[in-house]
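> Below you'll find the structure I mean.
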Amino acid sequence: MEFQKNDRLTVEIVDMSNEGEGIGKVDGFALFVKDTVIGDVAEVKIMKAKKHYAYARLEKLVKESAYRTKPKCDFYRQCGGCQLQALRYEKQLEFKESKIRNNLIRLGGFDAQYVDAHMEPIVGMDEPWHYRNKAQYPVGVDKEGNPITGFYAGRTHSIIANTDCALGAGENKEILEAVLAYMKENRIPAYDETTGKGLVRHVLIRKGFTSKEIMVCLIVNTDKYRLPQQNKLLEKLTQIENMTSISISLNREKTNVIMGKEIHTIWGSDTISDTIHVRNMQAEGYPFTGKALTFHISPLSFYQVNPVQTEKLYSLALEYAGLTGQETVWDLYCGIGTISLFLAGSAKKVCGVEIIPQAIEDAKANAARNGIDNAEFFVGKAEEVLPTFYAKQDAASEMRHPDVIVVDPPRKGCDADCLDTMLKMQPERIVYVSCDSATLARDLRILCDGGYEIQKIRGVDQFGMTVHVETVVLMERHN
């Protein structure tokens with residue numbers, strides 16, 4: 001049976017795609033339906049038909065799934081940032097665990113029984129709301145010309161006005177309303193992507209969940225170091241409790257890149273601080289106690305956006321690394337040194353690699369701040385730094401053949417040259433921290449074909465209400 005655009009059907013949703021769309025089937029023909037969840041029975045309208053599948057729009061729910069829950073946000077369907085908000089949280093965790101499992105099987109070519117034998121239960125969140133310590137809000141105007149901020153509607157650059165995102169810190173609403181009031185009262189124009197005119201492009205907000213310190217950075221379309229009526233903005237923002245840093249980022253480029261290259265602090269500190277703890281693991285047979293490290297965060301710093309789950313994620317990575325205090329470790333894609341410095345507390349030596357120079361400067365400063373002197377940091381691409389280091393070092397160099405390599409790459413995964421050098425270095429253990437289980441599956445297949453075996457796989461839900469999930473994998477080398 002062939003279906004065409006505008007056909008209307010009633011379908012039961014039996015599965016969900018990696019992007020969170022409900023999947024229904026009619027005579028073997030798959031329908032992808034946004035805003036539905038497993039167990040829904042829905043009337044749908046086909047919007048785009050292919051030979052074996054189609055994309056359809058939800059018209060009406062005939063029967064609600066037992067797994068459906070009332071979304072907390074009124075804008076969740078238009079926004080698209082919280083793809084799973086209508087799905088009960090315990091079912092979200094099942095979905096994410098299944099996503100990891102299916103990608104390892106389908107994309108990595110691993111046997112289902114092999115994967116099941118090594119998967120541990122996903123680490124969920126105690127409170128899956130208001131967990132983000134960072135948010136970037138685009139600024140625009142409504143039909144009446146009033147300044148607005150919120151989020152882009154899915155796959156568009158149309159802003160949905162919303163100052164109270166259910167995933168962001170509670171203070172964000174007050175901050176955004178203060179910025180909008182300043183713009184309206186002083187006739188400060190919002191940036192227009194089409195014309196390239198206007199001043200305020202985005203508002204970046206960061207919060208230290210332990211320190212309570214707050215940072216606000218306005219991304220502006222100017223090369224001036226001072227905003228019009230700047231004191232009036234500062235008067236509003238500095239009244240907010242725990243305000244610590246206010247800055248502007250100059251960005252005159254016609255680009256989708258949010259942050260500009262120049263940042264100027266206009267009030268308070270250049271950075272905020274936050275503290276990450278890892279759990280005490282002596283009871284589990286490891287020789288180190290729980291520890292807390294303090295990090296300074298600038299507007300450009302990479303820092304995990306969910307601090308509560310980050311502590312669980314790093315504790316898990318540290319557990320999988322199995323350090324006794326005698327090991328040498330490489331930490332690839334190390335950012336501002338967050339994982340590196342926790343590893344250094346339980347290792348002989350750690351070397352971190354990161355492509356962003358400012359991040360490496362932050363990592364060195366964080367090491368000094370926390371009294372850590374056995375961590376060394378290199379600027380560059382992991383796929384370039386690691387092979388160069390390997391080629392130049394004497395065969396007896398302990399860092400040429402480390403005991404452990406930890407990788408935490410971006411969504412695209414590890415570069416082929418990086419993986420090849422890791423295999424040449426022959427560490428006893430590889431701990432792979434991944435934010436995309438599809439590229440993880442690809443890289444694990446390469447490492448397994450190169451002489452490693454998977455020992456443990458575990459998901460960590462860093463991004464409740466969304467389809468994204470972190471995964472930590474322990475691999476050991478064949479003898």
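Letters for chains follow the order of the structure tokens (A, B, ...), residue numbers begin at 1 for each chain, and ligand numbers begin at 1 in the order shown.
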From a DSSP pass on the backbone, collect the residues of region 306-420 of chain A flagged as helix (DSSP H, G or I) and hand them back as JSON, numbers by chain.
{"A": [307, 308, 309, 310, 311, 312, 313, 314, 315, 316, 317, 318, 319, 320, 321, 338, 339, 340, 341, 342, 343, 344, 357, 358, 359, 360, 361, 362, 363, 364, 365, 366, 367, 368, 369, 382, 383, 384, 385, 386, 387, 388, 389, 390, 391, 392, 416, 417, 418, 419, 420]}
> Need the shell around Ile13 (chain A): protein/DNA/RNA residues with any atom at most 8 Å away, counting only C-alpha atoms. Skip same-chain ones fewer than 5 positions apart. Format as a count of residues only?
11
> Tell me, counting only C-alpha atoms, for each residue of region 83-153 of chain A within 12 Å of region 250-272 of chain A, which pair of atoms is nearest and how far apart they are in Å to one decimal, in rows ordered by chain and increasing number, as CSV.

```
residue,atom,partner,partner_atom,distance
A:Asn133,CA,A:Ile272,CA,11.6
A:Ala135,CA,A:Ile258,CA,11.7
A:Gln136,CA,A:Ile258,CA,8.4
A:Tyr137,CA,A:Ile258,CA,9.8
A:Pro138,CA,A:Ile258,CA,8.9
A:Val139,CA,A:Ile258,CA,11.4
```
> Write the residues of the selection above to a file with all heavy atoms, as a PDB file, in the first residue's frame.

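What landed in selection-v4.pdb:
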```
ATOM      1  N   ASN A 133      23.021  24.735  34.148  1.00  0.00           N
ATOM      2  CA  ASN A 133      23.748  25.879  34.714  1.00  0.00           C
ATOM      3  C   ASN A 133      24.163  26.882  33.641  1.00  0.00           C
ATOM      4  O   ASN A 133      24.844  27.856  33.930  1.00  0.00           O
ATOM      5  CB  ASN A 133      24.972  25.403  35.495  1.00  0.00           C
ATOM      6  CG  ASN A 133      25.947  24.625  34.624  1.00  0.00           C
ATOM      7  OD1 ASN A 133      25.866  24.625  33.392  1.00  0.00           O
ATOM      8  ND2 ASN A 133      26.878  23.936  35.262  1.00  0.00           N
ATOM      9  N   ALA A 135      22.619  28.775  29.820  1.00  0.00           N
ATOM     10  CA  ALA A 135      21.599  28.907  28.782  1.00  0.00           C
ATOM     11  C   ALA A 135      21.936  30.116  27.916  1.00  0.00           C
ATOM     12  O   ALA A 135      22.456  31.120  28.404  1.00  0.00           O
ATOM     13  CB  ALA A 135      20.207  29.070  29.397  1.00  0.00           C
ATOM     14  N   GLN A 136      21.662  29.982  26.615  1.00  0.00           N
ATOM     15  CA  GLN A 136      21.899  31.065  25.659  1.00  0.00           C
ATOM     16  C   GLN A 136      20.569  31.397  24.973  1.00  0.00           C
ATOM     17  O   GLN A 136      19.993  30.546  24.306  1.00  0.00           O
ATOM     18  CB  GLN A 136      22.947  30.643  24.625  1.00  0.00           C
ATOM     19  CG  GLN A 136      24.299  30.366  25.256  1.00  0.00           C
ATOM     20  CD  GLN A 136      25.311  29.787  24.284  1.00  0.00           C
ATOM     21  OE1 GLN A 136      26.410  30.284  24.148  1.00  0.00           O
ATOM     22  NE2 GLN A 136      24.944  28.715  23.603  1.00  0.00           N
ATOM     23  N   TYR A 137      20.104  32.610  25.164  1.00  0.00           N
ATOM     24  CA  TYR A 137      18.786  33.010  24.671  1.00  0.00           C
ATOM     25  C   TYR A 137      18.926  33.996  23.509  1.00  0.00           C
ATOM     26  O   TYR A 137      19.506  35.083  23.692  1.00  0.00           O
ATOM     27  CB  TYR A 137      17.989  33.685  25.784  1.00  0.00           C
ATOM     28  CG  TYR A 137      17.665  32.791  26.955  1.00  0.00           C
ATOM     29  CD1 TYR A 137      18.567  32.650  28.012  1.00  0.00           C
ATOM     30  CD2 TYR A 137      16.454  32.105  27.033  1.00  0.00           C
ATOM     31  CE1 TYR A 137      18.269  31.839  29.099  1.00  0.00           C
ATOM     32  CE2 TYR A 137      16.151  31.295  28.125  1.00  0.00           C
ATOM     33  CZ  TYR A 137      17.064  31.174  29.150  1.00  0.00           C
ATOM     34  OH  TYR A 137      16.771  30.373  30.233  1.00  0.00           O
ATOM     35  N   PRO A 138      18.400  33.683  22.328  1.00  0.00           N
ATOM     36  CA  PRO A 138      18.391  34.664  21.241  1.00  0.00           C
ATOM     37  C   PRO A 138      17.423  35.798  21.556  1.00  0.00           C
ATOM     38  O   PRO A 138      16.429  35.612  22.260  1.00  0.00           O
ATOM     39  CB  PRO A 138      17.909  33.849  20.032  1.00  0.00           C
ATOM     40  CG  PRO A 138      17.113  32.737  20.621  1.00  0.00           C
ATOM     41  CD  PRO A 138      17.768  32.415  21.932  1.00  0.00           C
ATOM     42  N   VAL A 139      17.716  36.977  21.028  1.00  0.00           N
ATOM     43  CA  VAL A 139      16.889  38.158  21.255  1.00  0.00           C
ATOM     44  C   VAL A 139      16.308  38.629  19.925  1.00  0.00           C
ATOM     45  O   VAL A 139      17.004  38.652  18.900  1.00  0.00           O
ATOM     46  CB  VAL A 139      17.713  39.290  21.906  1.00  0.00           C
ATOM     47  CG1 VAL A 139      16.869  40.542  22.097  1.00  0.00           C
ATOM     48  CG2 VAL A 139      18.283  38.820  23.244  1.00  0.00           C
TER      49      VAL A 139
END
```
> Rounded to one decimal place, report the CA of Glu213 (chain A)-CA of Gly371 (chain A) distance in Å.
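For CA of Glu213 (chain A) relative to CA of Gly371 (chain A), the distance reads 22.5 Å.
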> Quick one: residues within 7 Å of region 216-230 of chain A, only C-alpha atoms, excluding same-chain residues fewer than 6 positions away - as a PyMOL selection string?
chain A and resi 198-206+245-252+259+264+299
> Neighbours of Arg101 (chain A) within 9 Å (only C-alpha atoms; same-chain residues fewer than 2 positions away dropped), as a PyMOL selection string?
chain A and resi 96-99+103-106+112+115-116+119+437
> For the strand (DSSP E) assignment from backbone DSSP, which residues of region 314-394 of chain A qualify? Please present them as a PyMOL selection string.
chain A and resi 328-332+349-354+375-379
> As a PyMOL selection string, please: the residues near Leu84 (chain A) (cut-off 7 Å, only C-alpha atoms, same-chain neighbours under 3 positions excluded).
chain A and resi 20+87+92+465-467
> Quick check, in Å to one decimal: how far apart do CA of Ala438 (chain A) and CA of Asp408 (chain A) lie?
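Computing it gives 14.2 Å between the two atoms.
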> What's the 12 Å shell around Tyr89 (chain A), counting only C-alpha atoms, without same-chain residues fewer than 6 positions away, as a VMD selection string?
chain A and resid 67 to 71 95 to 96 124 to 129 461 463 to 467
> Tell me which of A:Phe389, A:Tyr182, A:Trp330, A:Phe75 sits closest to Ile405 (chain A), counting only C-alpha atoms.
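Result for the nearest residue to Ile405 (chain A): A:Trp330.
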> Please list as a list in words every residue within 9 Å of Tyr76 (chain A), counting only C-alpha atoms and excluding residues in the same chain fewer than 6 positions away.
Cys82, Gln83, Gln85 and Ala86 of chain A
